[in-house]
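What's in work.cif: mmCIF, C-alpha atoms and all ligand atoms
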```cif
data_upload
loop_
_atom_site.label_atom_id
_atom_site.label_comp_id
_atom_site.auth_asym_id
_atom_site.auth_seq_id
_atom_site.Cartn_x
_atom_site.Cartn_y
_atom_site.Cartn_z
CA MET A 20 0.00 0.00 0.00
CA ASP A 21 3.00 2.33 0.40
CA PHE A 22 3.17 2.15 -3.39
CA VAL A 23 -0.32 3.65 -3.63
CA VAL A 24 0.59 6.39 -1.14
CA GLN A 25 3.70 7.42 -3.03
CA ASP A 26 2.16 7.45 -6.46
CA GLU A 27 -1.23 9.01 -5.92
CA TYR A 28 -1.45 10.87 -2.66
CA ALA A 29 2.04 11.77 -1.49
CA GLU A 30 1.70 15.27 -2.93
CA LEU A 31 -1.55 15.80 -1.08
CA GLN A 32 0.15 14.73 2.14
CA ARG A 33 3.03 17.13 1.48
CA ASN A 34 0.60 19.95 0.75
CA ILE A 35 -1.32 19.63 4.00
CA THR A 36 1.91 19.25 5.98
CA ASP A 37 3.35 22.41 4.38
CA TYR A 38 0.12 24.28 5.01
CA ILE A 39 0.11 23.30 8.70
CA GLU A 40 3.77 24.23 9.18
CA ARG A 41 3.43 27.52 7.34
CA GLU A 42 0.05 28.81 8.56
CA LEU A 43 -0.91 26.93 11.69
CA ARG A 44 2.36 26.50 13.58
CA PRO A 45 2.61 30.25 14.26
CA LEU A 46 -0.98 30.24 15.55
CA GLU A 47 -0.27 27.19 17.71
CA ALA A 48 2.63 29.06 19.30
CA GLU A 49 0.14 31.61 20.64
CA LEU A 50 -1.87 28.94 22.52
CA ASP A 51 -1.39 28.54 26.25
CA PRO A 52 0.66 25.31 26.46
CA GLU A 53 -0.85 24.50 29.85
CA LYS A 54 -4.45 24.71 28.68
CA ASP A 55 -6.14 22.01 26.59
CA ASP A 56 -8.89 24.12 25.15
CA VAL A 57 -8.56 25.81 21.76
CA PRO A 58 -10.82 28.90 21.59
CA ILE A 59 -13.82 28.42 19.30
CA GLU A 60 -12.90 31.55 17.28
CA LEU A 61 -9.52 30.02 16.44
CA ARG A 62 -11.04 26.65 15.60
CA ASP A 63 -13.46 28.37 13.21
CA LYS A 64 -10.67 30.40 11.63
CA VAL A 65 -8.59 27.25 11.01
CA ARG A 66 -11.59 25.38 9.59
CA ARG A 67 -12.43 28.18 7.15
CA ARG A 68 -8.86 28.61 6.03
CA SER A 69 -8.50 24.85 5.56
CA ALA A 70 -11.70 24.85 3.52
CA GLU A 71 -10.26 27.59 1.28
CA PHE A 72 -7.31 25.31 0.61
CA GLY A 73 -9.69 22.45 -0.20
CA PHE A 74 -8.59 20.21 2.68
CA TYR A 75 -11.50 20.55 5.08
CA ALA A 76 -14.16 18.40 3.40
CA ALA A 77 -12.21 17.13 0.41
CA ASP A 78 -14.14 13.85 0.20
CA PHE A 79 -17.51 15.51 -0.37
CA PRO A 80 -18.92 15.80 -3.90
CA GLU A 81 -17.61 18.61 -6.08
CA ASP A 82 -21.09 19.98 -6.88
CA LEU A 83 -21.55 20.63 -3.15
CA GLY A 84 -18.18 22.35 -2.70
CA GLY A 85 -15.92 19.38 -1.95
CA SER A 86 -13.21 17.85 -4.15
CA GLY A 87 -14.64 14.34 -4.54
CA LEU A 88 -11.49 12.85 -2.99
CA PRO A 89 -11.76 9.06 -2.56
CA GLN A 90 -11.68 7.73 1.01
CA LEU A 91 -8.14 6.39 0.56
CA GLY A 92 -6.99 9.94 -0.17
CA MET A 93 -9.02 11.28 2.73
CA VAL A 94 -7.52 8.76 5.13
CA LEU A 95 -4.01 9.73 4.01
CA LEU A 96 -4.84 13.42 4.31
CA ARG A 97 -6.09 13.01 7.89
CA GLU A 98 -3.10 10.86 8.77
CA ALA A 99 -0.62 13.43 7.42
CA ALA A 100 -2.34 16.25 9.31
CA ALA A 101 -2.30 14.33 12.61
CA ARG A 102 1.34 13.28 12.08
CA THR A 103 2.46 16.92 12.35
CA GLY A 104 1.52 16.84 16.04
CA CYS A 105 0.22 20.40 15.66
CA ARG A 106 -2.58 21.11 18.12
CA LEU A 107 -4.58 22.82 15.39
CA ALA A 108 -4.20 19.96 12.90
CA GLY A 109 -7.44 18.34 14.07
CA PHE A 110 -9.42 21.29 12.69
CA THR A 111 -7.93 21.15 9.19
CA VAL A 112 -10.18 18.25 8.22
CA TYR A 113 -13.76 18.04 9.46
CA GLY A 114 -14.82 16.29 12.65
CA PRO A 115 -18.27 15.88 14.25
CA GLU A 116 -18.99 19.60 13.85
CA GLY A 117 -18.42 19.50 10.11
CA PRO A 118 -20.33 17.84 7.33
CA THR A 119 -21.49 14.30 7.92
CA GLY A 120 -22.02 11.80 5.14
CA VAL A 121 -25.47 11.22 6.65
CA LEU A 122 -26.58 14.56 5.16
CA LEU A 123 -25.94 13.13 1.70
CA ALA A 124 -29.24 11.32 2.27
CA GLY A 125 -30.94 14.76 2.28
CA THR A 126 -33.03 16.28 -0.49
CA ASP A 127 -31.31 18.52 -3.04
CA GLU A 128 -32.58 21.63 -1.21
CA GLN A 129 -31.37 20.29 2.15
CA LYS A 130 -27.94 19.53 0.73
CA LYS A 131 -27.67 23.01 -0.74
CA LYS A 132 -28.95 24.77 2.36
CA TYR A 133 -27.22 22.72 5.06
CA LEU A 134 -24.39 20.66 3.59
CA THR A 135 -22.66 23.24 1.39
CA PRO A 136 -22.07 25.80 4.20
CA LEU A 137 -20.65 22.96 6.32
CA ILE A 138 -18.26 21.99 3.55
CA THR A 139 -17.03 25.58 3.29
CA ALA A 140 -16.90 25.71 7.13
CA GLU A 141 -19.13 28.79 7.20
CA LYS A 142 -21.49 26.88 9.47
CA SER A 143 -21.19 24.05 11.94
CA MET A 144 -23.53 21.31 13.09
CA CYS A 145 -23.88 18.62 15.70
CA PHE A 146 -24.95 15.00 15.49
CA ALA A 147 -27.52 14.32 18.20
CA LEU A 148 -28.14 10.63 18.65
CA THR A 149 -26.88 9.61 22.12
CA GLU A 150 -29.09 9.98 25.20
CA PRO A 151 -28.48 9.41 28.90
CA ASP A 152 -30.15 5.99 28.65
CA ALA A 153 -29.10 5.04 25.13
CA GLY A 154 -25.49 5.08 23.88
CA SER A 155 -24.29 1.79 22.39
CA ASP A 156 -27.92 0.71 22.30
CA ALA A 157 -28.84 3.66 20.11
CA GLN A 158 -32.06 2.05 18.87
CA ASN A 159 -33.37 2.52 22.39
CA ILE A 160 -33.51 6.34 22.25
CA LYS A 161 -36.49 7.95 23.98
CA THR A 162 -36.67 11.33 22.21
CA THR A 163 -39.97 11.40 20.37
CA ALA A 164 -41.30 13.28 17.38
CA VAL A 165 -45.09 13.39 17.14
CA LYS A 166 -46.96 14.60 14.07
CA ASP A 167 -49.21 17.61 14.58
CA GLY A 168 -50.79 18.92 11.38
CA ASP A 169 -47.98 19.63 8.89
CA SER A 170 -45.30 19.71 11.54
CA TRP A 171 -43.51 17.42 13.99
CA VAL A 172 -43.06 18.13 17.69
CA LEU A 173 -39.85 16.90 19.32
CA ASN A 174 -39.41 16.15 23.02
CA GLY A 175 -36.44 14.58 24.75
CA THR A 176 -32.85 14.99 25.97
CA LYS A 177 -29.60 14.19 24.20
CA HIS A 178 -26.20 14.18 25.89
CA PHE A 179 -22.47 14.04 25.10
CA ILE A 180 -23.20 16.08 21.96
CA THR A 181 -19.99 17.47 20.49
CA ASN A 182 -20.29 21.11 19.38
CA GLY A 183 -23.86 21.18 20.77
CA LYS A 184 -23.43 24.75 22.02
CA HIS A 185 -21.99 26.26 18.85
CA ALA A 186 -23.87 24.36 16.15
CA ASP A 187 -26.06 26.23 13.69
CA PHE A 188 -28.23 23.15 13.46
CA ALA A 189 -28.47 19.65 14.86
CA LEU A 190 -29.19 16.39 13.12
CA VAL A 191 -31.58 14.96 15.69
CA PHE A 192 -32.67 11.34 15.82
CA ALA A 193 -36.14 10.81 17.28
CA VAL A 194 -38.61 7.95 17.57
CA THR A 195 -41.54 8.35 15.19
CA ASP A 196 -42.85 4.79 15.62
CA LYS A 197 -42.33 3.14 19.02
CA GLU A 198 -43.07 -0.36 17.70
CA LEU A 199 -40.56 -0.26 14.86
CA LYS A 200 -37.68 1.53 16.67
CA GLY A 201 -34.45 1.13 14.60
CA SER A 202 -36.27 -0.94 11.97
CA GLY A 203 -38.11 2.01 10.43
CA GLY A 204 -39.26 3.87 13.55
CA ILE A 205 -36.40 6.37 13.98
CA THR A 206 -36.35 9.55 11.90
CA ALA A 207 -33.56 12.10 11.46
CA PHE A 208 -34.65 15.76 11.67
CA ILE A 209 -32.57 18.79 10.74
CA VAL A 210 -33.30 21.21 13.60
CA GLU A 211 -31.93 24.74 13.46
CA SER A 212 -30.62 25.90 16.84
CA SER A 213 -32.79 29.04 16.68
CA THR A 214 -35.97 26.91 16.67
CA PRO A 215 -38.11 27.59 19.77
CA GLY A 216 -37.85 24.59 22.12
CA PHE A 217 -34.21 23.85 21.15
CA GLU A 218 -32.22 24.32 24.37
CA VAL A 219 -28.55 23.84 25.06
CA GLY A 220 -28.22 22.23 28.50
CA ARG A 221 -25.15 21.82 30.68
CA GLY A 222 -21.67 21.54 29.26
CA GLN A 223 -20.01 18.20 30.00
CA ILE A 224 -16.32 18.34 30.85
CA GLY A 225 -14.14 15.37 30.04
CA MET A 226 -10.48 14.41 30.37
CA LEU A 227 -9.47 17.42 28.29
CA GLU A 228 -10.36 20.80 29.78
CA GLY A 229 -13.17 22.84 28.32
CA GLU A 230 -16.78 22.08 27.60
CA GLY A 231 -16.49 19.81 24.61
CA GLN A 232 -19.84 18.05 24.89
CA PHE A 233 -23.31 19.31 25.75
CA GLU A 234 -26.76 18.24 26.69
CA LEU A 235 -29.44 19.25 24.22
CA ILE A 236 -33.00 19.49 25.43
CA PHE A 237 -36.00 19.52 23.11
CA ARG A 238 -39.21 20.88 24.69
CA ASN A 239 -42.15 20.92 22.32
CA CYS A 240 -39.70 21.82 19.57
CA ARG A 241 -41.77 22.15 16.41
CA VAL A 242 -40.27 21.60 12.97
CA SER A 243 -41.87 21.37 9.56
CA GLU A 244 -42.11 18.14 7.57
CA ASP A 245 -39.45 19.52 5.24
CA GLN A 246 -36.94 19.19 8.06
CA ILE A 247 -37.07 15.40 7.89
CA LEU A 248 -33.75 14.29 6.41
CA GLY A 249 -34.55 13.26 2.86
CA GLY A 250 -38.06 14.77 3.07
CA PRO A 251 -41.35 13.34 4.39
CA GLU A 252 -40.99 10.15 2.32
CA ASN A 253 -37.91 9.33 4.41
CA LEU A 254 -39.94 9.05 7.60
CA GLY A 255 -38.45 6.24 9.71
CA MET A 256 -35.27 6.01 7.63
CA GLY A 257 -33.01 8.05 9.95
CA PHE A 258 -31.31 5.12 11.59
CA TYR A 259 -30.59 3.44 8.25
CA ALA A 260 -29.11 6.68 6.90
CA ALA A 261 -26.81 6.95 9.94
CA MET A 262 -25.72 3.30 9.61
CA GLN A 263 -24.94 3.78 5.91
CA PHE A 264 -22.21 6.30 6.67
CA LEU A 265 -20.73 4.68 9.76
CA ALA A 266 -17.75 3.41 7.79
CA MET A 267 -16.70 6.98 6.93
CA GLY A 268 -16.72 7.97 10.60
CA ARG A 269 -14.78 4.91 11.68
CA LEU A 270 -12.21 5.40 8.94
CA SER A 271 -11.69 9.03 9.96
CA ILE A 272 -10.93 8.01 13.52
CA ALA A 273 -8.58 5.26 12.38
CA ALA A 274 -6.69 7.68 10.12
CA MET A 275 -6.34 10.22 12.91
CA CYS A 276 -5.10 7.55 15.36
CA ASN A 277 -2.50 6.37 12.84
CA GLY A 278 -1.20 9.92 12.39
CA ILE A 279 -1.07 10.60 16.13
CA ALA A 280 0.75 7.31 16.76
CA ASP A 281 3.23 8.16 13.99
CA TYR A 282 3.99 11.49 15.65
CA CYS A 283 4.45 9.93 19.09
CA VAL A 284 6.72 7.11 17.86
CA LYS A 285 8.91 9.72 16.20
CA LEU A 286 9.18 11.61 19.48
CA GLY A 287 10.12 8.33 21.19
CA ILE A 288 12.79 7.42 18.62
CA ASP A 289 14.37 10.88 18.79
CA TYR A 290 14.43 10.79 22.58
CA ALA A 291 15.82 7.24 22.71
CA LYS A 292 18.72 8.36 20.52
CA GLU A 293 19.49 11.49 22.46
CA ARG A 294 18.83 10.68 26.15
CA GLN A 295 21.85 9.22 27.92
CA ALA A 296 21.80 6.81 30.85
CA PHE A 297 24.57 4.57 32.09
CA GLY A 298 26.89 6.29 29.62
CA ARG A 299 24.98 5.50 26.43
CA PRO A 300 21.74 6.42 24.65
CA ILE A 301 18.72 4.74 26.30
CA GLY A 302 17.76 3.43 22.85
CA LYS A 303 20.69 0.99 23.03
CA ASN A 304 18.77 -0.99 25.67
CA GLN A 305 16.60 -3.79 24.33
CA TYR A 306 13.73 -3.04 26.71
CA VAL A 307 13.54 0.52 25.34
CA GLN A 308 13.92 -0.76 21.76
CA GLY A 309 11.04 -3.14 22.46
CA HIS A 310 8.67 -0.25 23.22
CA ILE A 311 9.60 1.37 19.92
CA VAL A 312 9.70 -1.76 17.78
CA ASP A 313 6.33 -3.06 19.06
CA SER A 314 4.85 0.36 18.32
CA LEU A 315 6.30 0.53 14.80
CA VAL A 316 4.97 -2.91 13.91
CA GLU A 317 1.50 -2.25 15.32
CA LEU A 318 1.37 1.13 13.61
CA LYS A 319 2.24 -0.41 10.26
CA ALA A 320 -0.44 -3.08 10.70
CA SER A 321 -2.97 -0.41 11.67
CA LYS A 322 -2.20 1.70 8.62
CA LEU A 323 -2.52 -1.25 6.27
CA ILE A 324 -5.88 -2.31 7.75
CA THR A 325 -7.08 1.28 7.40
CA TYR A 326 -5.82 1.77 3.82
CA GLU A 327 -7.30 -1.53 2.68
CA CYS A 328 -10.64 -0.64 4.20
CA ALA A 329 -10.65 2.79 2.52
CA ASP A 330 -9.66 1.29 -0.82
CA LYS A 331 -12.43 -1.30 -0.61
CA TYR A 332 -14.94 1.43 0.31
CA ASP A 333 -13.86 3.37 -2.78
CA HIS A 334 -14.53 0.26 -4.84
CA GLY A 335 -18.10 0.02 -3.59
CA ASP A 336 -17.71 -2.45 -0.74
CA ALA A 337 -19.86 -1.74 2.36
CA VAL A 338 -16.78 -2.50 4.58
CA ILE A 339 -18.87 -3.32 7.64
CA GLN A 340 -16.30 -5.76 9.01
CA GLU A 341 -13.24 -3.87 7.72
CA SER A 342 -14.21 -0.47 9.13
CA SER A 343 -14.89 -2.01 12.54
CA MET A 344 -11.50 -3.77 12.39
CA ALA A 345 -9.75 -0.53 11.41
CA LYS A 346 -11.48 1.44 14.17
CA LEU A 347 -10.95 -1.24 16.81
CA TYR A 348 -7.29 -1.86 16.02
CA SER A 349 -6.17 1.72 15.45
CA THR A 350 -7.83 3.15 18.55
CA GLU A 351 -6.46 0.43 20.85
CA MET A 352 -3.07 0.69 19.09
CA VAL A 353 -2.72 4.46 19.59
CA ASN A 354 -3.46 4.10 23.32
CA ARG A 355 -0.75 1.44 23.66
CA VAL A 356 1.72 3.48 21.60
CA VAL A 357 1.28 6.73 23.54
CA ASP A 358 1.57 4.85 26.81
CA ARG A 359 4.83 3.23 25.66
CA MET A 360 6.26 6.52 24.40
CA ILE A 361 5.60 8.10 27.80
CA GLN A 362 7.53 5.18 29.29
CA VAL A 363 10.43 5.82 26.89
CA HIS A 364 10.54 9.46 28.06
CA GLY A 365 10.65 8.45 31.72
CA GLY A 366 9.48 11.18 34.13
CA MET A 367 9.56 13.78 31.36
CA GLY A 368 6.82 11.82 29.60
CA TRP A 369 4.44 12.64 32.44
CA MET A 370 5.22 16.36 32.43
CA ARG A 371 3.14 19.00 30.70
CA GLU A 372 6.32 20.38 29.16
CA LEU A 373 5.99 17.63 26.57
CA PRO A 374 2.88 17.00 24.48
CA LEU A 375 2.61 13.32 25.41
CA GLU A 376 0.56 13.66 28.58
CA ARG A 377 -2.12 15.67 26.76
CA ILE A 378 -2.13 13.22 23.87
CA TYR A 379 -2.46 10.37 26.41
CA ARG A 380 -5.70 11.93 27.65
CA LEU A 381 -6.84 12.85 24.13
CA VAL A 382 -6.54 9.36 22.64
CA ARG A 383 -8.49 7.76 25.47
CA ILE A 384 -11.69 8.96 23.81
CA PHE A 385 -11.19 7.03 20.59
CA THR A 386 -12.09 3.57 21.94
CA LEU A 387 -15.37 5.03 23.21
CA VAL A 388 -16.87 7.12 20.40
CA GLU A 389 -18.34 6.01 17.06
CA GLY A 390 -19.03 2.63 18.68
CA THR A 391 -16.93 1.37 21.60
CA SER A 392 -14.27 -1.32 21.13
CA GLU A 393 -16.73 -3.87 22.50
CA ILE A 394 -19.33 -2.86 19.93
CA GLN A 395 -16.74 -3.13 17.12
CA LYS A 396 -15.95 -6.66 18.34
CA TYR A 397 -19.67 -7.46 18.37
CA ILE A 398 -19.97 -6.25 14.74
CA ILE A 399 -16.92 -8.25 13.64
CA ALA A 400 -18.25 -11.38 15.39
CA LYS A 401 -21.63 -10.88 13.72
CA SER A 402 -19.94 -10.49 10.32
CA VAL A 403 -18.65 -14.07 10.59
CA GLY A 404 -22.04 -15.42 11.57
CA LEU A 405 -21.60 -15.54 15.38
C1 LIG B 501 -16.21 12.90 24.07
C2 LIG B 501 -17.47 12.28 23.54
C3 LIG B 501 -18.04 12.81 22.39
C4 LIG B 501 -19.24 12.28 21.91
N1 LIG B 501 -19.86 12.90 20.85
C5 LIG B 501 -21.10 12.47 20.49
C6 LIG B 501 -21.85 13.20 19.52
O1 LIG B 501 -21.41 14.23 18.98
N2 LIG B 501 -23.08 12.75 19.18
C7 LIG B 501 -23.63 11.64 19.75
O2 LIG B 501 -24.77 11.29 19.41
N3 LIG B 501 -22.94 10.93 20.70
C8 LIG B 501 -21.71 11.33 21.08
N4 LIG B 501 -21.02 10.65 22.06
C9 LIG B 501 -21.61 9.45 22.64
C10 LIG B 501 -20.85 8.16 22.31
O3 LIG B 501 -21.12 7.78 20.99
C11 LIG B 501 -21.28 7.12 23.35
O4 LIG B 501 -20.69 7.52 24.58
C12 LIG B 501 -20.88 5.72 22.97
O5 LIG B 501 -21.66 5.27 21.90
C13 LIG B 501 -21.06 4.74 24.15
O6 LIG B 501 -22.32 4.86 24.73
P1 LIG B 501 -22.43 5.04 26.32
O7 LIG B 501 -21.49 6.09 26.74
O8 LIG B 501 -23.86 5.23 26.65
O9 LIG B 501 -21.93 3.67 26.93
P2 LIG B 501 -22.81 2.37 27.16
O10 LIG B 501 -23.55 2.03 25.93
O11 LIG B 501 -23.58 2.52 28.42
O12 LIG B 501 -21.67 1.28 27.38
C14 LIG B 501 -21.00 1.10 28.63
C15 LIG B 501 -20.05 -0.09 28.46
O13 LIG B 501 -20.80 -1.28 28.13
C16 LIG B 501 -20.31 -1.84 26.93
N5 LIG B 501 -21.41 -2.42 26.17
C17 LIG B 501 -22.64 -1.90 25.92
N6 LIG B 501 -23.35 -2.75 25.16
C18 LIG B 501 -22.58 -3.82 24.92
C19 LIG B 501 -22.73 -5.02 24.17
N7 LIG B 501 -23.86 -5.30 23.51
N8 LIG B 501 -21.71 -5.89 24.15
C20 LIG B 501 -20.55 -5.63 24.80
N9 LIG B 501 -20.33 -4.51 25.51
C21 LIG B 501 -21.33 -3.61 25.55
C22 LIG B 501 -19.69 -0.66 26.18
O14 LIG B 501 -18.76 -1.10 25.21
C23 LIG B 501 -19.05 0.11 27.30
O15 LIG B 501 -17.83 -0.48 27.64
C24 LIG B 501 -19.83 11.16 22.56
C25 LIG B 501 -19.21 10.61 23.68
C26 LIG B 501 -18.07 11.17 24.20
C27 LIG B 501 -17.49 10.60 25.45
#
```
Here is a file; write its structure as structure tokens.
Ligand SMILES: Cc1cc2nc3c(=O)[nH]c(=O)nc-3n(C[C@H](O)[C@H](O)[C@H](O)COP(=O)(O)OP(=O)(O)OC[C@H]3O[C@@H](n4cnc5c(N)ncnc54)[C@H](O)[C@@H]3O)c2cc1C
Amino acid sequence: MDFVVQDEYAELQRNITDYIERELRPLEAELDPEKDDVPIELRDKVRRRSAEFGFYAADFPEDLGGSGLPQLGMVLLREAAARTGCRLAGFTVYGPEGPTGVLLAGTDEQKKKYLTPLITAEKSMCFALTEPDAGSDAQNIKTTAVKDGDSWVLNGTKHFITNGKHADFALVFAVTDKELKGSGGITAFIVESSTPGFEVGRGQIGMLEGEGQFELIFRNCRVSEDQILGGPENLGMGFYAAMQFLAMGRLSIAAMCNGIADYCVKLGIDYAKERQAFGRPIGKNQYVQGHIVDSLVELKASKLITYECADKYDHGDAVIQESSMAKLYSTEMVNRVVDRMIQVHGGMGWMRELPLERIYRLVRIFTLVEGTSEIQKYIIAKSVGL
């Protein structure tokens, strides 16, 4: 697969790396190194600038403002951005606040009105599925949408919603048929945040400082039929639409984890060469080499699983099993790698002077979101008939 990288996408990787070094490094230098949070204004600025360069939502269709980049290219783009280790790199390519493939199931008007400004990063959204009593078991959501004349009235509470406070609109999943649930009873609604009855609840603070996630409360929140994703004929199809684009989300996380692991292994190798103990570089000790070698091998395996999955996706495969494997392996791998690289750095690894301790906390999220590791294992087991 390295062959594919060199021939088709190496230039793209160089371009995003150059862009980050040239434009974002100076901005990163202005951030408080002891604070995790990146101000929303700066995040927005980076997103917009990255969109101008065509990086931000490169895999979305050209007629909507993207570049139609295949998933293999997108995976390599994300990986290259993350490999820079720049704290602003995560905003160069869209995350949960940016466009979601799920919106491709929208009507032409919905795509024009909602998807295009996300692709250009002029607007942001949030994906509101999870509830206090329904995470992995997402079919069990309790938020309801009840028809009243030509409109639908939403009631319920979502939580852990990334960008919930800043989003211009939310893609909200609600039960429209209690009997059918995920088999045709869950509908996705596009709800603008200015709609009466749309309330942002408490901010939820995680391992990284700052309010990253939010509760969203819907109290008699009335939306028109046209706000059903895909239009009224798509009633009950919300869950299917979300499932259809899961592979894209899982691939994005895998690509990011591969890039982060790459960056951390490089830090470890450099330190193992330079740090002296017992009169020689610590990297001359086999136990230290083991941390690095195990990480290099696992990283290579993770990249290959991810590239193969992306390539198959581009060739029309649904990649149910492959995307779960890529997400499962890469997210567990990056946690092991960062932990080992902290070990290689000794006490310095634990200090905030180095980026590793923040990355250690950052990567802990990846085995939890977009389906936990256990859920990925469940999907893989199911894919072989268990
Ligand atoms: C930082 C962050 C950002 C998030 N952003 C969003 C967002 O923007 N939008 C959104 O909708 N959601 C978001 N989420 C929610 C996230 O998708 C859920 O947290 C995740 O799906 C797990 O659900 P849960 O937390 O309810 O855990 P639970 O489902 O309660 O799981 C608890 C444990 O039980 C295990 N488990 C559950 N069922 C099974 C099973 N069948 N077999 C084996 N093990 C099982 C899980 O793997 C886990 O270990 C976010 C979460 C976090 C922490």
Review point. Which neighbours of His310 in chain A fall inside 8 Å, counting only C-alpha atoms, when residues of the same chain fewer than 5 positions from it are skipped, and could you give them as a PyMOL selection string?
Key: chain A and resi 359-360+363
Return as a short mmCIF file (atom, residue, chain, number, x, y, z; two decimals) with C-alpha atoms, in the coordinates of the input every polymer residue, whether protein, DNA or RNA, with at least one atom no more than 9 Å from an atom of ligand LIG 501 (chain B); count all atoms listed in the file.
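Written output follows (out-v4.cif):
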```
data_model
loop_
_atom_site.label_atom_id
_atom_site.label_comp_id
_atom_site.auth_asym_id
_atom_site.auth_seq_id
_atom_site.Cartn_x
_atom_site.Cartn_y
_atom_site.Cartn_z
CA PRO A 115 -18.27 15.88 14.25
CA GLU A 116 -18.99 19.60 13.85
CA CYS A 145 -23.88 18.62 15.70
CA PHE A 146 -24.95 15.00 15.49
CA ALA A 147 -27.52 14.32 18.20
CA LEU A 148 -28.14 10.63 18.65
CA THR A 149 -26.88 9.61 22.12
CA GLU A 150 -29.09 9.98 25.20
CA PRO A 151 -28.48 9.41 28.90
CA ASP A 152 -30.15 5.99 28.65
CA ALA A 153 -29.10 5.04 25.13
CA GLY A 154 -25.49 5.08 23.88
CA SER A 155 -24.29 1.79 22.39
CA ASP A 156 -27.92 0.71 22.30
CA ALA A 157 -28.84 3.66 20.11
CA LYS A 177 -29.60 14.19 24.20
CA HIS A 178 -26.20 14.18 25.89
CA PHE A 179 -22.47 14.04 25.10
CA ILE A 180 -23.20 16.08 21.96
CA THR A 181 -19.99 17.47 20.49
CA ASN A 182 -20.29 21.11 19.38
CA GLY A 183 -23.86 21.18 20.77
CA VAL A 191 -31.58 14.96 15.69
CA PHE A 192 -32.67 11.34 15.82
CA GLN A 223 -20.01 18.20 30.00
CA ILE A 224 -16.32 18.34 30.85
CA GLY A 225 -14.14 15.37 30.04
CA MET A 226 -10.48 14.41 30.37
CA GLY A 231 -16.49 19.81 24.61
CA GLN A 232 -19.84 18.05 24.89
CA PHE A 233 -23.31 19.31 25.75
CA ILE A 384 -11.69 8.96 23.81
CA PHE A 385 -11.19 7.03 20.59
CA THR A 386 -12.09 3.57 21.94
CA LEU A 387 -15.37 5.03 23.21
CA VAL A 388 -16.87 7.12 20.40
CA GLU A 389 -18.34 6.01 17.06
CA GLY A 390 -19.03 2.63 18.68
CA THR A 391 -16.93 1.37 21.60
CA SER A 392 -14.27 -1.32 21.13
CA GLU A 393 -16.73 -3.87 22.50
CA ILE A 394 -19.33 -2.86 19.93
CA GLN A 395 -16.74 -3.13 17.12
CA LYS A 396 -15.95 -6.66 18.34
CA TYR A 397 -19.67 -7.46 18.37
#
```
Point to revise | range 337-347 of chain A surroundings by all atoms listed in the file, 8 Å radius, close-in-sequence under 4 positions cut, as a ChimeraX atom specification | key: /A:266,269-270,272-273,321,324-325,328,331-332,351,386,392,395-396,398-399,402
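In this structure, CA of Leu43 in chain A sits 8.8 Å away from CA of Arg106 in chain A.
Among A:Phe188, A:Asn159, A:Met256, A:Ile247, the residue with the shortest atom-to-atom distance to Gly204 in chain A, counting all atoms listed in the file, is A:Met256.
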Check your understanding: Within 8 Å of Arg238 in chain A, counting only C-alpha atoms, which residues qualify if same-chain residues fewer than 3 places away don't, as JSON, numbers by chain?
Key -> {"A": [173, 174, 175, 216, 217, 218]}
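Considering the residues A:Met262, A:Leu315, A:Val172, A:Leu381 and counting all atoms listed in the file, Leu227 in chain A has its shortest atom-to-atom contact with A:Leu381.
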Padded axis-aligned box of range 369-377 of chain A (3 Å per side), centre and edge lengths, Å, one decimal, as lines of an AutoDock Vina configuration file:
```
center_x = 2.1
center_y = 16.5
center_z = 28.5
size_x = 14.4
size_y = 13.7
size_z = 14.0
```
If you count all atoms listed in the file, which residues fall within 10 Å of Pro52 in chain A, apart from same-chain ones fewer than 6 positions away, as a CSV table (one decimal) with C-alpha atoms, in the frame of the given file?
```csv
chain,number,residue,atom,x,y,z
A,106,ARG,CA,-2.6,21.1,18.1
A,371,ARG,CA,3.1,19.0,30.7
A,372,GLU,CA,6.3,20.4,29.2
A,373,LEU,CA,6.0,17.6,26.6
A,374,PRO,CA,2.9,17.0,24.5
```
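Note that CA of Ile279 in chain A and CA of Met352 in chain A are 10.5 Å apart.
Residue nearest Leu83 in chain A, chosen from A:Thr36, A:Asp56, A:Ala108, A:Leu137 and counting all atoms listed in the file: A:Leu137.
The nearest approach to Glu317 in chain A among the residues A:Arg355, A:Tyr379, A:Arg221, A:Thr163, with all atoms listed in the file taken into account, belongs to A:Arg355.
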